[in-house]
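Structure file input.cif; described as mmCIF, C-alpha atoms (C1' of nucleotides).
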```cif
data_input
#
loop_
_atom_site.label_atom_id
_atom_site.label_comp_id
_atom_site.auth_asym_id
_atom_site.auth_seq_id
_atom_site.Cartn_x
_atom_site.Cartn_y
_atom_site.Cartn_z
CA MET A 1 -231.52 52.43 -119.87
CA THR A 2 -228.88 53.55 -117.41
CA ARG A 3 -225.72 54.76 -119.01
CA PRO A 4 -222.90 52.24 -118.50
CA GLU A 5 -220.47 54.87 -117.16
CA GLN A 6 -222.65 56.69 -114.71
CA ARG A 7 -221.10 58.54 -111.81
CA ARG A 8 -222.60 56.49 -109.01
CA ARG A 9 -223.29 52.79 -109.19
CA THR A 10 -226.85 51.63 -109.08
CA ALA A 11 -228.53 50.72 -105.81
CA LYS A 12 -228.65 47.04 -106.73
CA GLN A 13 -224.91 46.99 -107.40
CA ARG A 14 -224.11 48.74 -104.14
CA ILE A 15 -226.32 46.32 -102.21
CA LEU A 16 -224.65 43.34 -103.84
CA GLN A 17 -221.23 44.78 -103.05
CA ALA A 18 -222.15 45.38 -99.43
CA ALA A 19 -223.67 41.91 -99.13
CA ASP A 20 -220.51 40.40 -100.59
CA ASP A 21 -218.31 42.13 -98.03
CA LEU A 22 -220.51 41.40 -95.05
CA PHE A 23 -221.68 37.87 -95.88
CA TYR A 24 -218.18 36.73 -96.69
CA ASN A 25 -216.49 38.33 -93.70
CA GLU A 26 -219.06 37.65 -91.01
CA GLY A 27 -221.28 34.86 -92.29
CA ILE A 28 -224.68 34.88 -93.92
CA HIS A 29 -226.81 34.15 -90.87
CA THR A 30 -224.92 36.60 -88.71
CA VAL A 31 -225.47 39.56 -91.00
CA GLY A 32 -228.95 41.07 -91.12
CA ILE A 33 -230.65 43.00 -93.86
CA ASP A 34 -230.26 46.21 -91.91
CA ARG A 35 -226.48 45.86 -91.80
CA VAL A 36 -226.42 45.36 -95.55
CA ILE A 37 -228.48 48.41 -96.43
CA ALA A 38 -226.59 50.52 -93.91
CA ARG A 39 -223.28 49.66 -95.54
CA ALA A 40 -224.68 50.09 -99.03
CA GLY A 41 -226.06 53.49 -98.02
CA VAL A 42 -229.42 52.54 -99.41
CA ALA A 43 -233.02 52.50 -98.26
CA LYS A 44 -234.61 49.26 -97.20
CA GLY A 45 -237.18 49.62 -99.93
CA SER A 46 -234.42 49.53 -102.55
CA LEU A 47 -233.38 46.11 -101.41
CA TYR A 48 -236.85 44.67 -101.77
CA TYR A 49 -237.26 46.50 -105.03
CA SER A 50 -234.18 44.80 -106.51
CA PHE A 51 -234.37 41.46 -104.73
CA ALA A 52 -237.23 39.19 -103.83
CA GLY A 53 -235.85 38.70 -100.33
CA LYS A 54 -232.73 37.84 -98.41
CA ASP A 55 -232.51 34.41 -100.01
CA ASP A 56 -232.48 36.01 -103.42
CA LEU A 57 -229.67 38.31 -102.35
CA VAL A 58 -227.73 35.36 -100.93
CA ARG A 59 -228.17 33.50 -104.21
CA ASP A 60 -226.79 36.44 -106.17
CA TYR A 61 -223.93 36.82 -103.72
CA LEU A 62 -222.87 33.20 -104.18
CA THR A 63 -223.40 33.20 -107.92
CA HIS A 64 -221.16 36.23 -108.26
CA ARG A 65 -218.49 34.65 -106.08
CA HIS A 66 -218.60 31.55 -108.23
CA GLY A 67 -218.27 33.54 -111.44
CA LYS A 68 -215.40 35.73 -110.24
CA TRP A 69 -213.44 32.76 -108.94
CA ALA A 70 -214.00 30.67 -112.06
CA GLU A 71 -212.72 33.57 -114.17
CA ARG A 72 -209.63 33.93 -112.05
CA VAL A 73 -208.82 30.23 -112.07
CA THR A 74 -209.43 29.89 -115.79
CA ALA A 75 -207.16 32.83 -116.48
CA GLY A 76 -204.42 31.25 -114.39
CA ILE A 77 -204.77 27.94 -116.19
CA ASP A 78 -204.88 29.44 -119.68
CA ALA A 79 -201.55 31.18 -119.14
CA HIS A 80 -200.01 27.74 -119.68
CA THR A 81 -200.23 25.13 -122.40
CA GLU A 82 -198.70 22.00 -120.92
CA PRO A 83 -201.18 19.81 -119.01
CA ARG A 84 -198.89 19.57 -116.00
CA ALA A 85 -198.30 23.31 -115.82
CA ARG A 86 -202.02 23.97 -116.21
CA ILE A 87 -202.77 21.77 -113.21
CA LEU A 88 -200.15 23.39 -111.02
CA ALA A 89 -201.38 26.81 -112.03
CA VAL A 90 -204.56 26.23 -110.02
CA TYR A 91 -202.57 25.99 -106.81
CA ASP A 92 -200.67 29.13 -107.72
CA VAL A 93 -203.94 31.00 -108.11
CA LEU A 94 -204.92 29.66 -104.70
CA GLY A 95 -201.68 31.14 -103.40
CA THR A 96 -202.59 34.62 -104.62
CA LEU A 97 -206.03 34.19 -103.08
CA PHE A 98 -204.67 33.17 -99.68
CA ALA A 99 -202.27 36.10 -99.74
CA GLN A 100 -205.16 38.55 -99.55
CA PRO A 101 -205.25 39.88 -95.98
CA ASP A 102 -209.02 39.51 -95.71
CA TYR A 103 -209.07 35.89 -96.82
CA ARG A 104 -211.58 33.98 -94.78
CA GLY A 105 -211.89 30.66 -96.58
CA CYS A 106 -214.11 29.38 -99.35
CA ALA A 107 -217.45 31.17 -99.44
CA PHE A 108 -219.18 27.92 -100.37
CA MET A 109 -217.65 25.88 -97.56
CA ASN A 110 -218.62 28.61 -95.12
CA ALA A 111 -222.10 28.83 -96.57
CA THR A 112 -222.50 25.05 -96.36
CA ALA A 113 -221.46 25.12 -92.72
CA GLU A 114 -224.43 27.29 -91.76
CA ALA A 115 -226.92 26.07 -94.36
CA ALA A 116 -230.02 23.93 -94.07
CA PRO A 117 -230.20 20.88 -96.37
CA ASP A 118 -232.44 22.41 -99.04
CA SER A 119 -231.42 26.04 -98.71
CA VAL A 120 -230.22 28.42 -101.39
CA GLU A 121 -226.74 28.06 -99.97
CA ALA A 122 -226.79 24.30 -100.35
CA HIS A 123 -227.83 24.50 -103.98
CA ALA A 124 -225.21 27.10 -104.82
CA ALA A 125 -222.59 24.95 -103.14
CA THR A 126 -223.64 21.93 -105.19
CA THR A 127 -223.21 23.79 -108.49
CA PHE A 128 -219.89 25.14 -107.29
CA ARG A 129 -218.64 21.67 -106.44
CA ALA A 130 -219.75 20.34 -109.80
CA TRP A 131 -217.64 23.05 -111.39
CA VAL A 132 -214.61 22.14 -109.26
CA HIS A 133 -214.89 18.51 -110.23
CA THR A 134 -215.25 19.02 -113.96
CA LEU A 135 -212.39 21.50 -113.80
CA PHE A 136 -209.96 18.98 -112.34
CA LEU A 137 -211.34 16.07 -114.33
CA ASP A 138 -210.73 17.97 -117.56
CA LEU A 139 -207.22 18.92 -116.46
CA ALA A 140 -206.49 15.34 -115.38
CA THR A 141 -207.81 13.93 -118.64
CA ASP A 142 -205.48 16.19 -120.61
CA VAL A 143 -202.36 14.58 -119.14
CA GLY A 144 -203.34 11.36 -120.89
CA THR A 145 -201.64 9.02 -118.42
CA GLY A 146 -203.03 6.77 -115.72
CA ASP A 147 -206.55 7.01 -114.38
CA PRO A 148 -207.88 10.56 -114.84
CA LYS A 149 -210.70 10.02 -112.38
CA GLN A 150 -208.39 8.99 -109.57
CA LEU A 151 -205.95 11.77 -110.37
CA ALA A 152 -208.74 14.32 -110.34
CA GLU A 153 -210.01 13.05 -106.98
CA THR A 154 -206.60 13.55 -105.46
CA LEU A 155 -206.20 17.01 -106.97
CA VAL A 156 -209.57 18.03 -105.59
CA LEU A 157 -208.54 16.78 -102.19
CA LEU A 158 -205.36 18.84 -102.34
CA TYR A 159 -207.38 21.85 -103.46
CA ASP A 160 -209.80 21.46 -100.55
CA GLY A 161 -206.98 20.81 -98.14
CA ALA A 162 -205.18 23.98 -99.13
CA VAL A 163 -208.34 26.02 -98.77
CA ALA A 164 -209.26 24.54 -95.39
CA THR A 165 -205.77 24.72 -93.91
CA ALA A 166 -205.24 28.27 -95.12
CA GLN A 167 -208.47 29.32 -93.46
CA MET A 168 -208.15 27.47 -90.18
CA ASP A 169 -204.52 28.34 -89.60
CA LYS A 170 -204.32 31.64 -91.49
CA ALA A 171 -201.52 29.91 -93.37
CA PRO A 172 -201.16 31.15 -96.96
CA GLU A 173 -198.24 28.78 -97.51
CA ALA A 174 -200.73 25.90 -97.67
CA ALA A 175 -200.96 26.66 -101.40
CA ARG A 176 -197.29 25.85 -101.86
CA THR A 177 -197.63 22.67 -99.82
CA ALA A 178 -200.52 21.56 -102.01
CA ARG A 179 -198.58 22.41 -105.15
CA ARG A 180 -195.53 20.49 -104.00
CA THR A 181 -197.67 17.46 -103.26
CA ALA A 182 -199.41 17.72 -106.60
CA GLU A 183 -196.02 17.74 -108.33
CA LEU A 184 -195.06 14.60 -106.48
CA ILE A 185 -198.24 12.88 -107.57
CA LEU A 186 -197.77 13.90 -111.18
CA ASP A 187 -194.18 12.65 -111.09
CA ASN A 188 -195.32 9.30 -109.81
CA ALA A 189 -198.02 9.14 -112.46
CA GLY A 190 -195.28 9.49 -115.04
CA ILE A 191 -195.86 13.09 -116.04
CA PRO A 192 -192.45 14.77 -116.14
CA SER A 193 -191.77 18.45 -115.63
CA ALA A 194 -191.06 19.31 -119.27
CA SER A 195 -191.60 17.03 -122.26
CA ALA A 196 -188.22 16.82 -123.99
CA MET B 1 -225.20 13.66 -54.25
CA THR B 2 -226.87 11.95 -57.17
CA ARG B 3 -226.12 8.28 -57.50
CA PRO B 4 -223.78 7.59 -60.42
CA GLU B 5 -226.06 4.90 -61.92
CA GLN B 6 -229.38 6.69 -61.78
CA ARG B 7 -232.17 5.76 -64.16
CA ARG B 8 -232.40 9.02 -66.05
CA ARG B 9 -229.46 11.20 -67.03
CA THR B 10 -229.12 14.56 -65.41
CA ALA B 11 -230.62 17.67 -66.99
CA LYS B 12 -227.21 19.09 -67.79
CA GLN B 13 -226.20 15.93 -69.63
CA ARG B 14 -229.43 15.86 -71.62
CA ILE B 15 -229.01 19.51 -72.58
CA LEU B 16 -225.45 18.92 -73.69
CA GLN B 17 -226.54 15.89 -75.72
CA ALA B 18 -229.34 17.84 -77.39
CA ALA B 19 -227.01 20.75 -78.09
CA ASP B 20 -224.49 18.40 -79.63
CA ASP B 21 -227.07 16.94 -82.00
CA LEU B 22 -228.61 20.24 -83.01
CA PHE B 23 -225.52 22.44 -83.17
CA TYR B 24 -223.62 19.89 -85.21
CA ASN B 25 -226.42 19.09 -87.62
CA GLU B 26 -227.89 22.53 -88.17
CA GLY B 27 -225.27 25.02 -87.10
CA ILE B 28 -224.80 26.99 -83.91
CA HIS B 29 -226.38 30.27 -84.99
CA THR B 30 -229.33 28.55 -86.59
CA VAL B 31 -230.34 26.64 -83.48
CA GLY B 32 -231.95 28.61 -80.68
CA ILE B 33 -232.06 27.91 -76.99
CA ASP B 34 -235.70 26.94 -77.24
CA ARG B 35 -234.94 24.18 -79.73
CA VAL B 36 -232.27 22.79 -77.44
CA ILE B 37 -234.44 22.64 -74.33
CA ALA B 38 -237.35 21.22 -76.33
CA ARG B 39 -235.21 18.36 -77.60
CA ALA B 40 -233.64 17.79 -74.20
CA GLY B 41 -237.12 17.70 -72.66
CA VAL B 42 -236.00 20.20 -70.05
CA ALA B 43 -237.19 23.49 -68.65
CA LYS B 44 -235.52 26.69 -69.72
CA GLY B 45 -234.53 27.38 -66.16
CA SER B 46 -232.48 24.19 -66.11
CA LEU B 47 -230.34 25.44 -68.93
CA TYR B 48 -229.52 28.67 -67.15
CA TYR B 49 -229.05 26.78 -63.93
CA SER B 50 -226.37 24.56 -65.50
CA PHE B 51 -224.86 27.01 -67.97
CA ALA B 52 -224.05 30.68 -67.78
CA GLY B 53 -225.57 31.29 -71.21
CA LYS B 54 -225.60 30.05 -74.77
CA ASP B 55 -221.91 30.81 -75.21
CA ASP B 56 -221.11 28.64 -72.25
CA LEU B 57 -223.14 25.82 -73.74
CA VAL B 58 -221.40 26.25 -77.08
CA ARG B 59 -218.04 26.11 -75.36
CA ASP B 60 -218.95 22.85 -73.66
CA TYR B 61 -220.31 21.44 -76.88
CA LEU B 62 -217.03 22.12 -78.71
CA THR B 63 -214.85 20.99 -75.82
CA HIS B 64 -216.69 17.68 -75.71
CA ARG B 65 -216.37 17.24 -79.46
CA HIS B 66 -212.66 17.88 -79.20
CA GLY B 67 -212.24 15.37 -76.39
CA LYS B 68 -214.24 12.61 -78.04
CA TRP B 69 -212.40 12.99 -81.33
CA ALA B 70 -208.97 13.12 -79.71
CA GLU B 71 -209.78 9.90 -77.86
CA ARG B 72 -210.88 8.19 -81.03
CA VAL B 73 -207.84 9.26 -83.02
CA THR B 74 -205.42 8.38 -80.26
CA ALA B 75 -206.97 4.95 -79.94
CA GLY B 76 -206.57 4.39 -83.68
CA ILE B 77 -202.94 5.47 -83.58
CA ASP B 78 -202.04 3.43 -80.54
CA ALA B 79 -203.22 0.24 -82.21
CA HIS B 80 -199.96 0.41 -84.15
CA THR B 81 -196.31 0.68 -83.24
CA GLU B 82 -194.52 1.55 -86.45
CA PRO B 83 -194.32 5.29 -87.17
CA ARG B 84 -195.62 4.86 -90.70
CA ALA B 85 -198.56 2.73 -89.65
CA ARG B 86 -199.40 5.17 -86.85
CA ILE B 87 -199.61 8.02 -89.36
CA LEU B 88 -201.80 6.11 -91.78
CA ALA B 89 -204.07 5.05 -88.93
CA VAL B 90 -205.29 8.63 -88.62
CA TYR B 91 -206.75 8.52 -92.12
CA ASP B 92 -208.37 5.19 -91.36
CA VAL B 93 -210.08 6.70 -88.35
CA LEU B 94 -211.25 9.50 -90.62
CA GLY B 95 -212.71 6.83 -92.87
CA THR B 96 -214.83 5.41 -90.07
CA LEU B 97 -215.94 8.94 -89.22
CA PHE B 98 -217.00 9.74 -92.78
CA ALA B 99 -218.91 6.47 -92.97
CA GLN B 100 -221.37 7.68 -90.36
CA PRO B 101 -224.57 8.59 -92.21
CA ASP B 102 -225.02 11.84 -90.28
CA TYR B 103 -221.51 13.10 -90.97
CA ARG B 104 -221.62 16.80 -91.62
CA GLY B 105 -217.98 17.86 -91.58
CA CYS B 106 -215.65 19.04 -88.87
CA ALA B 107 -217.49 20.78 -86.05
CA PHE B 108 -214.65 23.26 -85.70
CA MET B 109 -214.52 24.18 -89.38
CA ASN B 110 -218.26 24.67 -89.33
CA ALA B 111 -218.09 26.70 -86.15
CA THR B 112 -215.30 28.86 -87.60
CA ALA B 113 -217.40 29.53 -90.68
CA GLU B 114 -220.10 31.25 -88.65
CA ALA B 115 -217.94 32.67 -85.88
CA ALA B 116 -216.91 36.21 -85.07
CA PRO B 117 -213.16 36.83 -84.63
CA ASP B 118 -213.08 36.77 -80.83
CA SER B 119 -215.97 34.42 -80.18
CA VAL B 120 -216.04 31.26 -78.11
CA GLU B 121 -216.10 29.28 -81.34
CA ALA B 122 -212.94 30.93 -82.60
CA HIS B 123 -211.05 30.15 -79.41
CA ALA B 124 -212.21 26.53 -79.36
CA ALA B 125 -211.15 26.17 -82.98
CA THR B 126 -207.70 27.56 -82.17
CA THR B 127 -207.11 25.01 -79.42
CA PHE B 128 -208.39 22.27 -81.68
CA ARG B 129 -206.01 23.26 -84.45
CA ALA B 130 -203.10 23.35 -82.03
CA TRP B 131 -203.94 19.78 -81.10
CA VAL B 132 -204.07 18.72 -84.77
CA HIS B 133 -200.67 20.24 -85.43
CA THR B 134 -198.88 18.76 -82.46
CA LEU B 135 -200.49 15.42 -83.27
CA PHE B 136 -199.04 15.30 -86.76
CA LEU B 137 -195.77 16.92 -85.77
CA ASP B 138 -195.20 14.22 -83.15
CA LEU B 139 -196.08 11.50 -85.63
CA ALA B 140 -193.82 13.04 -88.28
CA THR B 141 -190.94 13.39 -85.84
CA ASP B 142 -191.18 9.71 -84.96
CA VAL B 143 -190.33 8.63 -88.50
CA GLY B 144 -186.91 10.20 -88.05
CA THR B 145 -186.32 10.97 -91.73
CA GLY B 146 -186.38 14.22 -93.67
CA ASP B 147 -187.92 17.42 -92.34
CA PRO B 148 -190.61 16.59 -89.78
CA LYS B 149 -192.11 20.07 -89.98
CA GLN B 150 -192.66 19.88 -93.71
CA LEU B 151 -193.98 16.34 -93.49
CA ALA B 152 -196.40 17.37 -90.77
CA GLU B 153 -197.64 20.31 -92.83
CA THR B 154 -198.43 18.03 -95.72
CA LEU B 155 -200.16 15.48 -93.51
CA VAL B 156 -202.30 18.21 -91.98
CA LEU B 157 -203.23 19.39 -95.45
CA LEU B 158 -204.28 15.87 -96.42
CA TYR B 159 -206.27 15.59 -93.22
CA ASP B 160 -208.07 18.86 -93.89
CA GLY B 161 -208.59 17.95 -97.51
CA ALA B 162 -210.21 14.65 -96.62
CA VAL B 163 -212.50 16.33 -94.12
CA ALA B 164 -213.52 19.13 -96.48
CA THR B 165 -214.03 16.92 -99.53
CA ALA B 166 -216.00 14.35 -97.56
CA GLN B 167 -218.30 17.07 -96.30
CA MET B 168 -218.80 19.03 -99.50
CA ASP B 169 -219.30 16.01 -101.74
CA LYS B 170 -220.69 13.56 -99.20
CA ALA B 171 -217.78 11.40 -100.33
CA PRO B 172 -216.53 9.06 -97.58
CA GLU B 173 -213.91 7.65 -99.95
CA ALA B 174 -211.93 10.87 -99.50
CA ALA B 175 -210.31 9.17 -96.52
CA ARG B 176 -208.84 6.49 -98.76
CA THR B 177 -207.63 9.09 -101.24
CA ALA B 178 -205.87 10.96 -98.46
CA ARG B 179 -204.37 7.76 -97.12
CA ARG B 180 -203.09 6.73 -100.55
CA THR B 181 -201.48 10.15 -101.01
CA ALA B 182 -199.92 10.00 -97.58
CA GLU B 183 -198.39 6.63 -98.43
CA LEU B 184 -196.91 8.12 -101.57
CA ILE B 185 -195.39 10.96 -99.61
CA LEU B 186 -193.93 8.62 -97.00
CA ASP B 187 -192.46 6.44 -99.75
CA ASN B 188 -190.80 9.45 -101.33
CA ALA B 189 -189.49 10.58 -97.95
CA GLY B 190 -187.76 7.22 -97.69
CA ILE B 191 -190.06 5.57 -95.20
CA PRO B 192 -190.75 2.07 -96.50
CA SER B 193 -193.81 -0.02 -95.72
CA ALA B 194 -192.11 -2.37 -93.26
CA SER B 195 -188.63 -1.94 -91.79
CA ALA B 196 -186.76 -5.09 -92.73
"C1'" DA C 1 -237.95 16.99 -40.17
"C1'" DC C 2 -235.84 20.42 -42.45
"C1'" DG C 3 -233.02 22.85 -45.65
"C1'" DA C 4 -230.24 22.76 -49.80
"C1'" DC C 5 -230.15 21.30 -54.33
"C1'" DG C 6 -231.93 20.14 -58.86
"C1'" DC C 7 -235.46 20.85 -61.64
"C1'" DT C 8 -240.18 22.43 -63.73
"C1'" DA C 9 -243.58 25.52 -66.12
"C1'" DG C 10 -244.26 29.45 -68.23
"C1'" DA C 11 -244.73 34.48 -68.33
"C1'" DC C 12 -242.12 38.39 -69.44
"C1'" DG C 13 -238.82 42.10 -71.33
"C1'" DG C 14 -235.92 43.79 -74.64
"C1'" DA C 15 -233.49 43.12 -78.62
"C1'" DT C 16 -233.21 41.81 -83.40
"C1'" DC C 17 -234.59 40.24 -87.78
"C1'" DT C 18 -237.33 39.77 -92.16
"C1'" DG C 19 -240.55 41.73 -94.86
"C1'" DT C 20 -244.50 45.22 -96.00
"C1'" DC C 21 -246.27 49.50 -96.70
"C1'" DT C 22 -246.93 54.54 -97.37
"C1'" DA C 23 -245.81 58.88 -99.30
"C1'" DA C 24 -242.90 61.42 -101.64
"C1'" DA C 25 -238.54 62.81 -104.12
"C1'" DT C 26 -235.50 61.99 -108.07
"C1'" DA C 27 -234.05 60.21 -112.55
"C1'" DA C 28 -234.68 58.34 -117.16
"C1'" DG C 29 -237.06 57.43 -121.42
"C1'" DC C 30 -240.19 58.73 -125.04
"C1'" DG D 1 -243.52 67.61 -120.82
"C1'" DC D 2 -245.33 63.53 -119.23
"C1'" DT D 3 -244.90 58.98 -117.85
"C1'" DT D 4 -242.58 55.33 -115.89
"C1'" DA D 5 -238.76 53.45 -113.26
"C1'" DT D 6 -235.84 53.90 -109.43
"C1'" DT D 7 -234.94 55.35 -104.93
"C1'" DT D 8 -235.70 57.35 -100.18
"C1'" DA D 9 -237.04 57.56 -95.10
"C1'" DG D 10 -239.05 55.38 -91.77
"C1'" DA D 11 -243.03 53.37 -89.39
"C1'" DC D 12 -244.95 48.99 -88.68
"C1'" DA D 13 -246.28 43.93 -88.02
"C1'" DG D 14 -244.99 39.37 -86.77
"C1'" DA D 15 -241.65 36.18 -85.60
"C1'" DT D 16 -237.76 34.65 -83.05
"C1'" DC D 17 -234.26 34.71 -79.83
"C1'" DC D 18 -231.65 35.31 -75.36
"C1'" DG D 19 -232.04 35.77 -70.82
"C1'" DT D 20 -234.55 36.79 -66.23
"C1'" DC D 21 -237.76 35.92 -62.93
"C1'" DT D 22 -241.30 33.89 -59.96
"C1'" DA D 23 -243.46 30.14 -57.65
"C1'" DG D 24 -243.36 25.76 -56.59
"C1'" DC D 25 -242.39 20.56 -56.61
"C1'" DG D 26 -239.55 16.56 -55.42
"C1'" DT D 27 -235.39 14.35 -53.58
"C1'" DC D 28 -231.55 13.68 -50.83
"C1'" DG D 29 -228.38 14.39 -46.98
"C1'" DT D 30 -228.19 15.10 -42.34
#
```

Could you take the file, read its structure, and then write that structure out as structure tokens?
Amino acid sequence: MTRPEQRRRTAKQRILQAADDLFYNEGIHTVGIDRVIARAGVAKGSLYYSFAGKDDLVRDYLTHRHGKWAERVTAGIDAHTEPRARILAVYDVLGTLFAQPDYRGCAFMNATAEAAPDSVEAHAATTFRAWVHTLFLDLATDVGTGDPKQLAETLVLLYDGAVATAQMDKAPEAARTARRTAELILDNAGIPSASA
Amino acid sequence: MTRPEQRRRTAKQRILQAADDLFYNEGIHTVGIDRVIARAGVAKGSLYYSFAGKDDLVRDYLTHRHGKWAERVTAGIDAHTEPRARILAVYDVLGTLFAQPDYRGCAFMNATAEAAPDSVEAHAATTFRAWVHTLFLDLATDVGTGDPKQLAETLVLLYDGAVATAQMDKAPEAARTARRTAELILDNAGIPSASA
DNA sequence: ACGACGCTAGACGGATCTGTCTAAATAAGC
DNA sequence: GCTTATTTAGACAGATCCGTCTAGCGTCGT
């Protein structure tokens, strides 16, 4: 067993970190194995010792992205108790994401853009989307008014819109626009700001 | 001079057509020159006779996409005279786009996802986005109520959201969701359905 | 009839990319 | 201390990909 607090991170971890940086910033197809191992400061053999191949590395890259993002969103939501506030919190988390100077859009949208129909990327994107939908459907159900399914659909659309606009225009304020629109929708669905 | 109504289309046209199909459906990086000429039924020399290189072909591919889409949207808008109806028409055109069985998202979003910062794709995407923004800003200005800039921002976000959701979920109904939300926003901005 | 233009077929070079393999050094566990 | 797991450096094979080049065929304008 490797000690949990060892001085240098394991080769696998460094590879995954390097892959995360490069794949996200430059695209999966664009970045070759050699770039990854060079940045990780690792021998090529180490990569094929820890991963079955590039596809396997890509899968891990996307799985980790999914996990990290789900954590962050869940944390943002759970800071609030009211259904309305919990919904709006998602767009605030998006705002903090967009504010990062190296933001380059949703890893899963980007992966889908360069993915073949049955590729690893496509499958990872499908699971990610399922998560997005259950997330908003649960949040929409909690408000207890109107049609949750339709509300969730609209919230997803605002989520996707914020992500896409922020990427295409390098416009972090898209998160606020989405939030404002979500508020308007909730108002019209009869969910007031604070239950008195 | 070649006669304008010749039996077979010119090599350049066939190449551009093949590139359009392949680049859009499978991604620009994924598709090689050899695939393009094979599908076009053309010799490799013809490609480099008509185009300076792959980048040049990519540029033409994106420029054509831009032109075709702008035509289609403008036609949809110009079928109406009232500012509100002209705005909503955009989302209806999106609906017809999403309904196409081979819809695979916005060519410019996909290109951006796999593009390097200063690439041909990035530049084409920038011009495309400028067009999108002036489109909605003009439409928003025509309603003459509230802040056109803020209205335009929201409409762009709904546009992007519809496009992204439709692609990721293969959900053509995203166009209707976006349209419904746009109506709600216009109502709240004091733009009624029909000026009485 | 002749020359310019558009196009063909395919070989070729050089670069790059994924993955394998060898041989040996280092670290960890028992 | 001995064994097993992890890691290294780099050569190598096979595929693919972009672009060039040669040699030649057909068509059209003049």

Taking all atoms listed in the file into account, what are the residues of chain D at most 12 Å from chain B, put as a PyMOL selection string? chain D and resi 16-22+27-29

Those same residues - C-alpha atoms (C1' of nucleotides) - I'd like them written as a compact mmCIF listing (two decimals), in the coordinates of the input.
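Produced file again19.txt, reproduced below:
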```txt
# COMPACT_ATOMS: atom_id res chain seq x y z
C1' DT D 16 -237.76 34.65 -83.05
C1' DC D 17 -234.26 34.71 -79.83
C1' DC D 18 -231.65 35.31 -75.36
C1' DG D 19 -232.04 35.77 -70.82
C1' DT D 20 -234.55 36.79 -66.23
C1' DC D 21 -237.76 35.92 -62.93
C1' DT D 22 -241.30 33.89 -59.96
C1' DT D 27 -235.39 14.35 -53.58
C1' DC D 28 -231.55 13.68 -50.83
C1' DG D 29 -228.38 14.39 -46.98
```

Return the neighbours of chain B among the residues of chain C, cut-off 12 Å, counting only C-alpha atoms (C1' of nucleotides), as a PyMOL selection string. chain C and resi 4-10

For the selection just defined, write its residues with C-alpha atoms (C1' of nucleotides) to a file, as a short mmCIF file (atom, residue, chain, number, x, y, z; two decimals), in the frame of the given file.
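Generated output (again_22.cif):
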```cif
data_model
loop_
_atom_site.label_atom_id
_atom_site.label_comp_id
_atom_site.auth_asym_id
_atom_site.auth_seq_id
_atom_site.Cartn_x
_atom_site.Cartn_y
_atom_site.Cartn_z
"C1'" DA C 4 -230.24 22.76 -49.80
"C1'" DC C 5 -230.15 21.30 -54.33
"C1'" DG C 6 -231.93 20.14 -58.86
"C1'" DC C 7 -235.46 20.85 -61.64
"C1'" DT C 8 -240.18 22.43 -63.73
"C1'" DA C 9 -243.58 25.52 -66.12
"C1'" DG C 10 -244.26 29.45 -68.23
#
```

What do you get, as JSON, numbers by chain, if you spell out every residue that the PyMOL selection byres ((chain A) within 9 of (chain B)) selects here? {"A": [25, 26, 27, 28, 29, 30, 104, 105, 107, 108, 109, 110, 111, 112, 113, 114, 115, 116, 117, 125, 126, 129, 150, 153, 154, 156, 157, 158, 159, 160, 161, 162, 163, 164, 165, 167, 168, 169, 174, 177, 178, 181, 184, 185, 188]}

Just how far from CA of Lys12 (chain B) is CA of Leu47 (chain B), in Å to one decimal? 7.2 Å

Computed gap from C1' of DA15 (chain D) to CA of Leu22 (chain B) is 20.8 Å

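Across the model, the gap from C1' of DA11 (chain D) to CA of Leu16 (chain A) is 25.4 Å.
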
Can you list, as a ChimeraX atom specification, every protein, DNA or RNA residue that comes within 12 Å of Asp147 (chain A) when you count all atoms listed in the file, leaving out same-chain residues fewer than 5 positions away? /A:137,140-142,152-154,186,189-190

Counting all atoms listed in the file, the option among D:DA9, D:DG1, D:DG14, D:DG26 closest to DA25 (chain C): D:DA9

Would you translate the PyMOL selection byres ((chain B and resi 60) around 12) into the concrete set of residues it matches in this file, as a PyMOL selection string? chain B and resi 12-13+15-17+19-20+23+50-59+61-67+120-121+124

Export N, CA and C atoms of region 119-125 of chain B from the structure just given, as a JSON list (two decimals), in the first residue's frame?
```
[["chain", "number", "residue", "atom", "x", "y", "z"],
["B", 119, "SER", "N", -7.15, 29.49, -34.36],
["B", 119, "SER", "CA", -7.39, 28.69, -35.56],
["B", 119, "SER", "C", -8.45, 29.32, -36.46],
["B", 120, "VAL", "N", -8.56, 28.79, -37.64],
["B", 120, "VAL", "CA", -9.60, 29.19, -38.58],
["B", 120, "VAL", "C", -10.98, 29.01, -37.94],
["B", 121, "GLU", "N", -11.16, 27.91, -37.25],
["B", 121, "GLU", "CA", -12.44, 27.63, -36.61],
["B", 121, "GLU", "C", -12.80, 28.73, -35.61],
["B", 122, "ALA", "N", -11.83, 29.13, -34.82],
["B", 122, "ALA", "CA", -12.09, 30.14, -33.80],
["B", 122, "ALA", "C", -12.52, 31.46, -34.45],
["B", 123, "HIS", "N", -11.87, 31.83, -35.52],
["B", 123, "HIS", "CA", -12.22, 33.09, -36.18],
["B", 123, "HIS", "C", -13.62, 33.02, -36.79],
["B", 124, "ALA", "N", -13.92, 31.89, -37.45],
["B", 124, "ALA", "CA", -15.24, 31.73, -38.03],
["B", 124, "ALA", "C", -16.32, 31.79, -36.95],
["B", 125, "ALA", "N", -16.03, 31.18, -35.81],
["B", 125, "ALA", "CA", -16.99, 31.18, -34.72],
["B", 125, "ALA", "C", -17.21, 32.60, -34.20]]
```
